[in-house]
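Visitor: My file is input35.txt. It has compact mmCIF, C-alpha atoms (C1' of nucleotides):
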```
# COMPACT_ATOMS: atom_id res chain seq x y z
CA MET Y 1 58.04 136.62 153.50
CA ASN Y 2 60.47 134.77 151.30
CA ASP Y 3 62.03 137.84 149.85
CA LYS Y 4 65.29 137.23 151.69
CA LYS Y 5 67.78 134.79 150.26
CA LEU Y 6 70.68 133.03 151.90
CA ILE Y 7 73.39 131.80 149.54
CA VAL Y 8 75.43 129.03 151.11
CA VAL Y 9 78.82 128.30 149.57
CA SER Y 10 80.34 125.05 150.80
CA GLY Y 11 82.89 122.52 149.60
CA PRO Y 12 86.13 120.93 150.68
CA THR Y 13 88.99 122.92 152.06
CA ALA Y 14 91.20 124.70 149.50
CA VAL Y 15 88.64 124.38 146.71
CA GLY Y 16 88.31 128.15 146.41
CA LYS Y 17 85.23 128.99 148.47
CA THR Y 18 86.55 132.28 149.80
CA GLU Y 19 87.05 133.84 146.41
CA ILE Y 20 83.67 132.72 145.09
CA ALA Y 21 81.89 133.95 148.18
CA ILE Y 22 83.48 137.36 147.89
CA LYS Y 23 82.55 137.67 144.26
CA LEU Y 24 78.99 136.62 145.01
CA ALA Y 25 78.80 139.11 147.86
CA GLU Y 26 80.03 141.84 145.54
CA HIS Y 27 77.61 140.86 142.81
CA PHE Y 28 74.61 140.77 145.13
CA GLN Y 29 75.91 143.70 147.18
CA THR Y 30 75.87 142.02 150.50
CA GLU Y 31 78.09 140.57 153.24
CA ILE Y 32 79.52 137.21 154.26
CA ILE Y 33 78.94 134.95 157.23
CA SER Y 34 81.71 132.44 157.70
CA ALA Y 35 80.70 128.86 158.47
CA ASP Y 36 84.12 127.73 159.54
CA SER Y 37 84.71 126.37 163.00
CA ARG Y 38 88.29 127.62 163.14
CA GLN Y 39 88.49 130.92 161.28
CA CYS Y 40 86.47 132.56 164.02
CA TYR Y 41 89.48 132.45 166.33
CA ARG Y 42 91.51 135.63 166.16
CA GLU Y 43 94.68 133.94 167.44
CA MET Y 44 94.79 131.49 164.53
CA THR Y 45 95.30 132.95 161.09
CA ILE Y 46 97.89 131.32 158.86
CA GLY Y 47 96.89 127.74 159.60
CA THR Y 48 93.18 128.33 159.11
CA ALA Y 49 93.53 129.90 155.66
CA LYS Y 50 91.46 132.92 156.55
CA PRO Y 51 90.53 135.42 153.89
CA ALA Y 52 93.35 137.93 153.38
CA PRO Y 53 93.13 141.30 155.16
CA GLU Y 54 92.51 142.90 151.78
CA GLU Y 55 89.56 140.57 151.23
CA LEU Y 56 88.21 141.19 154.69
CA SER Y 57 88.30 144.92 154.10
CA ARG Y 58 86.56 144.58 150.75
CA ILE Y 59 83.53 142.72 152.14
CA LYS Y 60 82.37 142.61 155.73
CA HIS Y 61 82.77 139.13 157.20
CA TYR Y 62 80.95 137.83 160.24
CA PHE Y 63 82.33 135.04 162.44
CA ILE Y 64 85.91 135.72 161.42
CA ASN Y 65 88.25 136.84 164.21
CA SER Y 66 85.14 137.15 166.33
CA HIS Y 67 86.23 134.83 169.13
CA SER Y 68 89.20 133.77 171.18
CA ILE Y 69 90.62 130.27 171.23
CA THR Y 70 89.60 130.13 174.88
CA ASP Y 71 85.93 130.56 173.95
CA GLU Y 72 84.00 127.32 173.78
CA LEU Y 73 81.73 127.20 170.79
CA ASN Y 74 79.44 124.51 169.44
CA ALA Y 75 76.94 124.05 166.67
CA ALA Y 76 74.07 125.37 168.77
CA ASP Y 77 76.03 128.52 169.54
CA TYR Y 78 76.74 128.89 165.86
CA GLU Y 79 73.08 128.56 164.95
CA ARG Y 80 72.18 131.38 167.31
CA LEU Y 81 75.06 133.61 166.24
CA ALA Y 82 74.59 133.03 162.53
CA LEU Y 83 70.87 133.72 162.66
CA GLY Y 84 71.73 136.99 164.35
CA TYR Y 85 74.20 137.87 161.61
CA CYS Y 86 71.53 137.03 159.03
CA SER Y 87 69.00 139.36 160.59
CA GLU Y 88 71.56 142.13 160.60
CA ILE Y 89 72.54 141.63 156.98
CA PHE Y 90 68.92 141.33 155.86
CA THR Y 91 68.19 144.81 157.20
CA LYS Y 92 70.56 146.04 154.51
CA SER Y 93 70.18 143.56 151.68
CA ASP Y 94 67.89 140.91 150.28
CA PHE Y 95 70.84 138.54 150.06
CA ALA Y 96 73.35 137.12 152.48
CA VAL Y 97 76.26 134.84 151.68
CA VAL Y 98 77.41 132.01 153.93
CA CYS Y 99 80.80 130.52 153.22
CA GLY Y 100 82.52 127.67 154.96
CA GLY Y 101 83.44 124.06 155.22
CA THR Y 102 81.98 123.09 158.56
CA GLY Y 103 79.04 120.96 157.49
CA LEU Y 104 77.46 120.68 160.89
CA TYR Y 105 77.44 124.44 161.34
CA ILE Y 106 75.81 124.93 157.96
CA LYS Y 107 73.21 122.37 158.88
CA ALA Y 108 72.58 124.08 162.20
CA LEU Y 109 72.04 127.39 160.44
CA CYS Y 110 69.84 126.05 157.65
CA GLU Y 111 67.81 123.46 159.52
CA GLY Y 112 68.34 124.22 163.17
CA ILE Y 113 69.55 122.02 165.94
CA ASP Y 114 67.31 120.63 168.67
CA ASP Y 115 67.12 122.67 171.84
CA MET Y 116 68.64 120.78 174.71
CA PRO Y 117 69.21 121.58 178.34
CA PRO Y 118 72.79 122.25 179.37
CA VAL Y 119 74.85 119.52 180.96
CA ASN Y 120 76.72 119.71 184.23
CA PRO Y 121 80.39 120.48 183.59
CA GLU Y 122 81.37 118.55 186.70
CA VAL Y 123 79.66 115.43 185.38
CA GLU Y 124 81.38 115.97 182.07
CA LYS Y 125 84.80 116.09 183.73
CA GLU Y 126 83.96 113.05 185.80
CA VAL Y 127 82.85 110.90 182.87
CA GLN Y 128 85.81 111.95 180.77
CA ALA Y 129 88.20 111.07 183.59
CA GLU Y 130 86.60 107.71 184.14
CA PHE Y 131 86.72 106.95 180.43
CA ASP Y 132 90.39 107.92 180.25
CA GLN Y 133 91.07 105.54 183.08
CA LYS Y 134 88.83 102.60 182.28
CA GLY Y 135 88.48 102.75 178.53
CA ILE Y 136 85.81 102.05 175.96
CA GLY Y 137 84.63 98.82 177.56
CA TRP Y 138 83.56 100.61 180.67
CA LEU Y 139 81.99 103.44 178.67
CA ARG Y 140 79.90 101.04 176.60
CA ALA Y 141 78.72 99.10 179.62
CA ALA Y 142 77.85 102.26 181.54
CA THR Y 143 75.97 103.79 178.64
CA ASP Y 144 74.09 100.59 177.98
CA ARG Y 145 73.13 100.35 181.64
CA GLU Y 146 72.15 103.98 182.15
CA ASP Y 147 70.63 104.85 178.77
CA PRO Y 148 69.80 101.63 176.94
CA GLU Y 149 67.43 103.42 174.60
CA PHE Y 150 70.23 105.55 173.27
CA TYR Y 151 72.79 102.75 173.31
CA LYS Y 152 70.66 100.49 171.14
CA GLY Y 153 70.92 102.76 168.13
CA ALA Y 154 74.26 104.35 168.89
CA GLU Y 155 77.68 104.13 167.31
CA GLN Y 156 78.89 101.90 170.08
CA GLN Y 157 82.57 102.27 169.22
CA ASN Y 158 82.52 106.04 169.20
CA PRO Y 159 83.62 107.43 172.57
CA ALA Y 160 82.64 110.99 171.71
CA ARG Y 161 79.00 110.04 171.14
CA LEU Y 162 78.75 107.73 174.13
CA ILE Y 163 80.31 110.26 176.47
CA ARG Y 164 77.92 112.93 175.32
CA ALA Y 165 74.91 110.68 175.89
CA LEU Y 166 76.11 109.48 179.27
CA VAL Y 167 76.93 112.97 180.48
CA PHE Y 168 73.55 114.15 179.28
CA LYS Y 169 71.71 111.37 181.08
CA ARG Y 170 73.58 111.88 184.33
CA SER Y 171 73.17 115.65 184.16
CA THR Y 172 69.50 115.85 183.27
CA GLY Y 173 68.15 112.49 184.31
CA LYS Y 174 66.73 112.09 180.82
CA SER Y 175 67.88 110.26 177.75
CA ILE Y 176 69.32 112.49 175.06
CA THR Y 177 67.09 110.65 172.59
CA THR Y 178 64.03 112.34 174.06
CA PHE Y 179 65.34 115.69 172.83
CA ARG Y 180 66.39 114.53 169.41
CA THR Y 181 63.49 115.39 167.19
CA ALA Y 182 65.58 116.31 164.15
CA ARG Y 183 62.76 118.65 163.28
CA ILE Y 184 63.71 121.09 160.59
CA LYS Y 185 63.12 124.60 161.83
CA PRO Y 186 61.49 127.02 159.42
CA ARG Y 187 63.68 129.94 158.38
CA PRO Y 188 62.47 133.36 157.31
CA PHE Y 189 64.57 133.23 154.17
CA ARG Y 190 65.11 131.07 151.13
CA ILE Y 191 68.29 129.04 150.92
CA PHE Y 192 70.44 128.40 147.87
CA LYS Y 193 73.09 125.81 148.48
CA ILE Y 194 76.14 126.03 146.25
CA ALA Y 195 78.80 123.37 146.64
CA LEU Y 196 82.19 123.60 144.96
CA ASP Y 197 84.36 120.73 143.84
CA LEU Y 198 87.41 120.02 141.75
CA PRO Y 199 88.86 116.77 140.39
CA ARG Y 200 90.50 115.02 143.30
CA PRO Y 201 94.11 115.28 142.01
CA VAL Y 202 93.66 118.99 141.38
CA LEU Y 203 92.20 119.54 144.82
CA TYR Y 204 95.02 117.61 146.45
CA ASP Y 205 97.61 119.62 144.54
CA ARG Y 206 96.01 122.80 145.77
CA ILE Y 207 96.06 121.52 149.33
CA ASN Y 208 99.73 120.56 149.14
CA GLN Y 209 100.59 123.90 147.62
CA ARG Y 210 98.62 125.81 150.21
CA VAL Y 211 100.35 124.02 153.06
CA ASP Y 212 103.73 124.94 151.59
CA ASN Y 213 102.54 128.53 151.40
CA MET Y 214 101.44 128.44 155.03
CA ILE Y 215 104.88 127.27 156.06
CA GLY Y 216 106.40 130.09 154.03
CA GLU Y 217 104.10 132.59 155.70
CA GLY Y 218 105.22 131.52 159.15
CA LEU Y 219 102.87 128.79 160.32
CA ILE Y 220 105.60 127.33 162.52
CA ASN Y 221 105.97 130.62 164.38
CA GLU Y 222 102.24 131.11 164.71
CA ALA Y 223 101.75 127.63 166.09
CA SER Y 224 104.75 127.98 168.38
CA SER Y 225 103.23 131.07 169.90
CA LEU Y 226 100.10 129.06 170.68
CA TYR Y 227 101.96 126.06 172.04
CA LYS Y 228 100.97 126.74 175.61
CA TRP Y 229 97.29 126.56 174.62
CA ARG Y 230 97.65 123.29 172.81
CA HIS Y 231 95.26 121.50 175.16
CA LEU Y 232 92.35 123.70 174.03
CA LYS Y 233 89.71 122.20 171.73
CA SER Y 234 90.20 125.05 169.30
CA LEU Y 235 93.80 123.98 168.79
CA GLN Y 236 92.97 120.43 167.94
CA THR Y 237 93.31 121.58 164.40
CA VAL Y 238 95.12 120.34 161.36
CA GLY Y 239 98.20 122.46 160.86
CA TYR Y 240 98.70 123.08 164.54
CA SER Y 241 98.67 119.60 166.09
CA GLU Y 242 101.40 118.49 163.71
CA VAL Y 243 103.59 121.47 164.50
CA PHE Y 244 103.17 120.77 168.21
CA GLU Y 245 104.40 117.25 167.57
CA TYR Y 246 107.42 118.72 165.82
CA LEU Y 247 108.07 121.14 168.68
CA ASP Y 248 107.89 118.21 171.06
CA GLY Y 249 110.64 116.54 169.05
CA ASN Y 250 108.46 113.57 168.15
CA ILE Y 251 108.75 114.14 164.41
CA SER Y 252 110.96 116.13 162.07
CA LEU Y 253 109.89 119.35 160.43
CA GLU Y 254 109.57 117.57 157.08
CA GLU Y 255 107.38 114.87 158.60
CA SER Y 256 105.27 117.50 160.26
CA ILE Y 257 104.69 119.31 156.98
CA SER Y 258 103.83 116.16 155.08
CA LEU Y 259 101.43 115.13 157.86
CA ILE Y 260 99.69 118.50 157.63
CA LYS Y 261 99.18 117.90 153.93
CA GLN Y 262 97.96 114.38 154.48
CA HIS Y 263 95.56 115.29 157.28
CA THR Y 264 94.21 118.19 155.25
CA ARG Y 265 93.52 115.79 152.37
CA ASN Y 266 91.77 113.42 154.78
CA TYR Y 267 89.69 116.32 156.04
CA ALA Y 268 88.74 117.38 152.54
CA LYS Y 269 87.53 113.88 151.79
CA ARG Y 270 85.30 113.85 154.87
CA GLN Y 271 83.89 117.22 153.91
CA LEU Y 272 83.03 115.90 150.46
CA THR Y 273 81.22 112.95 152.00
CA TRP Y 274 79.19 115.30 154.15
CA PHE Y 275 78.29 117.75 151.39
CA ARG Y 276 77.47 115.02 148.87
CA LYS Y 277 74.87 113.70 151.27
CA ASP Y 278 72.95 116.97 151.19
CA ILE Y 279 70.88 116.64 148.05
CA GLN Y 280 69.99 120.33 148.17
CA ASN Y 281 73.53 121.15 147.13
CA LYS Y 282 73.99 122.31 143.59
CA TRP Y 283 77.51 121.49 142.49
CA PHE Y 284 79.81 123.75 140.51
CA ALA Y 285 83.44 123.99 139.54
CA PRO Y 286 84.89 127.09 141.20
CA GLU Y 287 85.83 128.62 137.85
CA ASN Y 288 82.19 128.74 136.79
CA LEU Y 289 81.21 131.84 138.71
CA GLN Y 290 78.83 133.00 136.02
CA ASP Y 291 76.94 129.69 136.13
CA ILE Y 292 76.50 130.09 139.85
CA ILE Y 293 75.15 133.61 139.50
CA THR Y 294 72.80 132.48 136.76
CA TYR Y 295 71.58 129.61 138.89
CA ILE Y 296 70.78 131.93 141.78
CA GLU Y 297 69.17 134.59 139.63
CA GLU Y 298 66.97 132.08 137.87
CA GLY Y 299 65.99 130.65 141.24
CA THR Y 300 65.06 134.04 142.62
CA ALA Y 301 63.16 135.19 139.57
CA GLU Y 302 60.14 133.05 140.37
C1' G A 1 134.27 86.00 140.86
C1' G A 2 133.18 83.85 146.03
C1' U A 3 130.48 83.63 150.78
C1' A A 4 126.44 85.15 153.76
C1' C A 5 121.90 87.45 154.42
C1' U A 6 117.42 89.55 152.48
C1' G A 7 113.23 89.78 148.87
C1' U A 8 105.41 90.02 151.78
C1' G A 9 99.95 94.74 148.93
C1' G A 10 101.46 102.34 147.83
C1' C A 11 104.71 102.35 152.52
C1' C A 12 106.12 100.11 157.23
C1' G A 13 105.85 95.34 159.19
C1' A A 14 104.37 90.17 161.63
C1' G A 15 104.00 85.31 160.11
C1' U A 16 108.34 79.48 158.80
C1' G A 17 103.34 73.85 156.07
C1' G A 18 96.58 74.08 156.67
C1' U A 19 92.73 79.78 161.36
C1' C A 20 92.15 87.57 159.61
C1' A A 21 98.37 89.66 161.19
C1' G A 22 98.53 94.67 162.28
C1' G A 23 99.53 99.95 161.34
C1' C A 24 99.63 104.07 157.98
C1' A A 25 98.35 105.69 153.13
C1' C A 26 94.26 105.30 149.53
C1' G A 27 88.84 104.74 148.58
C1' G A 28 83.88 104.61 150.65
C1' U A 29 81.03 106.11 154.78
C1' U A 30 78.46 107.73 159.74
C1' C A 31 77.05 112.21 162.03
C1' U A 32 72.46 117.13 166.81
C1' G A 33 76.76 120.66 171.77
C1' C A 34 84.87 119.17 170.83
C1' A A 35 82.83 118.56 163.86
C1' A A 36 89.76 120.96 160.98
C1' A A 37 86.58 116.28 166.11
C1' A A 38 85.33 111.17 166.82
C1' G A 39 83.75 106.47 164.69
C1' C A 40 82.73 102.52 160.98
C1' C A 41 83.60 99.64 156.28
C1' G A 42 86.78 98.13 152.08
C1' A A 43 90.28 96.38 147.56
C1' U A 44 95.07 95.40 146.26
C1' A A 45 100.39 90.66 148.79
C1' C A 46 103.63 87.03 149.59
C1' A A 47 110.34 88.69 143.46
C1' C A 48 110.30 84.89 139.25
C1' C A 49 110.46 79.62 137.40
C1' G A 50 110.18 74.67 138.69
C1' G A 51 109.83 70.76 142.46
C1' U A 52 108.14 68.13 147.17
C1' U A 53 103.21 67.69 149.59
C1' C A 54 96.39 66.18 150.23
C1' A A 55 97.99 71.34 151.31
C1' A A 56 103.62 76.14 150.20
C1' A A 57 104.22 83.16 151.74
C1' U A 58 106.26 79.12 154.81
C1' C A 59 110.25 73.21 152.71
C1' C A 60 113.87 72.06 148.29
C1' G A 61 116.43 73.57 143.59
C1' G A 62 117.37 77.26 140.14
C1' U A 63 116.93 82.45 138.23
C1' C A 64 116.81 87.59 139.13
C1' A A 65 117.42 91.83 142.41
C1' G A 66 119.39 94.22 146.78
C1' U A 67 122.76 94.49 150.98
C1' A A 68 127.22 93.13 153.64
C1' C A 69 131.81 90.95 153.71
C1' C A 70 135.86 88.46 151.13
C1' U A 71 139.08 88.02 146.74
```
Would you mind writing the structure in this file as structure tokens?
Guide:
Amino acid sequence: MNDKKLIVVSGPTAVGKTEIAIKLAEHFQTEIISADSRQCYREMTIGTAKPAPEELSRIKHYFINSHSITDELNAADYERLALGYCSEIFTKSDFAVVCGGTGLYIKALCEGIDDMPPVNPEVEKEVQAEFDQKGIGWLRAATDREDPEFYKGAEQQNPARLIRALVFKRSTGKSITTFRTARIKPRPFRIFKIALDLPRPVLYDRINQRVDNMIGEGLINEASSLYKWRHLKSLQTVGYSEVFEYLDGNISLEESISLIKQHTRNYAKRQLTWFRKDIQNKWFAPENLQDIITYIEEGTAE
RNA sequence: GGUACUGUGGCCGAGUGGUCAGGCACGGUUCUGCAAAAGCCGAUACACCGGUUCAAAUCCGGUCAGUACCU
């Protein structure tokens, strides 16, 4: 049953994942599933550093340009979608390549995410509004009162987590902790996790350079055209938020560009923290394509 | 040359005798429905030399540097 293999290529932004994934897909004669929470939006292109049109035509990519910025997606949705893409690819090939920097999505695909009942959108709106008005103190007290079991072990300073738990409790009447089994779901394929890294100064140079390229390619225009959608979750994205700030006149163009670089570097650092934690990752420098292929072929030979 | 003001960690910036400033950067980190999100933790200061004092970033003297004005 383990004759199917999923090759997962992860790593920080701008490290060179796209190119490696394409070469691996060509070598193993298969297709690519993106694991990037932003490249799936067809309205955002320059700022998300999507594969070039030429690359997209060379190898079929799933979860790229597949959604609109108005679509709400989460890790559970991604798990379902990605598993579907896998099944489709595995009808044609023994290999599939996953490529992306969204750690949670990769985890959802490889290990699964606990099934949970949906929450009530009205409750969600209500809690968010009350938090906006009354602040973290209220949120902590309310969560502690209504779901003490969760609150005990929670990140008590993190509004996002507390809101989620409180909304869940109010919507379902049950504590979110009762659904959190963290059970790893079996997958009908073997997984090879490849993580790419570069020396930090080199990576940061690449990031800075890529941001300059994005500006040259028209990021300001692209973001401007999306200005009216700025409130959407999908546009809370490095490279867009900063341009919106510029368009609002809060910062200069130069400040906006240097903030994009800075925030992208911050993001890359968080990605590295996430991927380092996953001990299944086998690390490579992006120039060592042949080592990666050898690693996979030796792993599949058994 | 003279007078005045200023000199705080990578940057900004509070503090004028004895409790942690703070923010950003930077580094580390957390992570099951917004994840390019959100949160947590951390090192590095008080221009230099000397003095006063139990105690100096803080007061005094000098040196250096910068800024403004004057000649």
Visitor: Considering all atoms listed in the file, return as a ChimeraX atom specification whatever protein or nucleic-acid residues lie within 9 Å of stretch 41-56 of chain A, sequence-local ones (same chain, fewer than 3 positions apart) excluded.
Guide: /A:7-9,17-18,27-29,59-65
Visitor: May I have the residues from that selection written out with C-alpha atoms (C1' of nucleotides), as a CSV table (one decimal), keeping the file's coordinate frame?
Guide:
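Below you can see out24.csv, which holds the result:
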```csv
chain,number,residue,atom,x,y,z
A,7,G,C1',113.2,89.8,148.9
A,8,U,C1',105.4,90.0,151.8
A,9,G,C1',100.0,94.7,148.9
A,17,G,C1',103.3,73.8,156.1
A,18,G,C1',96.6,74.1,156.7
A,27,G,C1',88.8,104.7,148.6
A,28,G,C1',83.9,104.6,150.6
A,29,U,C1',81.0,106.1,154.8
A,59,C,C1',110.2,73.2,152.7
A,60,C,C1',113.9,72.1,148.3
A,61,G,C1',116.4,73.6,143.6
A,62,G,C1',117.4,77.3,140.1
A,63,U,C1',116.9,82.4,138.2
A,64,C,C1',116.8,87.6,139.1
A,65,A,C1',117.4,91.8,142.4
```
Visitor: Tell me which protein, DNA and RNA residues are within 12 Å of Y:Gln280, counting all atoms listed in the file, leaving out same-chain ones fewer than 3 positions away, and put them as JSON, numbers by chain.
Guide: {"Y": [8, 9, 10, 107, 110, 111, 191, 192, 193, 194, 195, 275, 276, 277, 283]}
Visitor: Excluding A:A35 and residues on its chain fewer than 6 positions from it, collect all residues at most 9 Å away from it, counting only C-alpha atoms (C1' of nucleotides), and give them as number ranges by chain.
Guide: Y: 37, 74-75, 102-105
Visitor: Which residues are near Y:Val15? Cut-off 10 Å, all atoms listed in the file, ignore same chain within fewer than 5 positions. Put them as number ranges by chain.
Guide: Y: 10, 20, 101, 195-199, 202-204, 206-207, 268, 285-286
Visitor: Using only C-alpha atoms (C1' of nucleotides), find which residues of chain A lie within 12 Å of chain Y and jot them down as a ChimeraX atom specification.
Guide: /A:24-40
Visitor: Could you jot down the atom CA of Y:Ile136 to atom CA of Y:Ala165 separation for me, Å, one decimal place?
Guide: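 Straight-line distance from atom CA of Y:Ile136 to atom CA of Y:Ala165 works out to 13.9 Å.
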Visitor: Show me, as a PyMOL selection string, the residues that have an atom within 12 Å of Y:Glu130 when counting only C-alpha atoms (C1' of nucleotides), minus same-chain residues fewer than 6 positions from it.
Guide: chain Y and resi 123-124+136-139+142+159+163+166-167
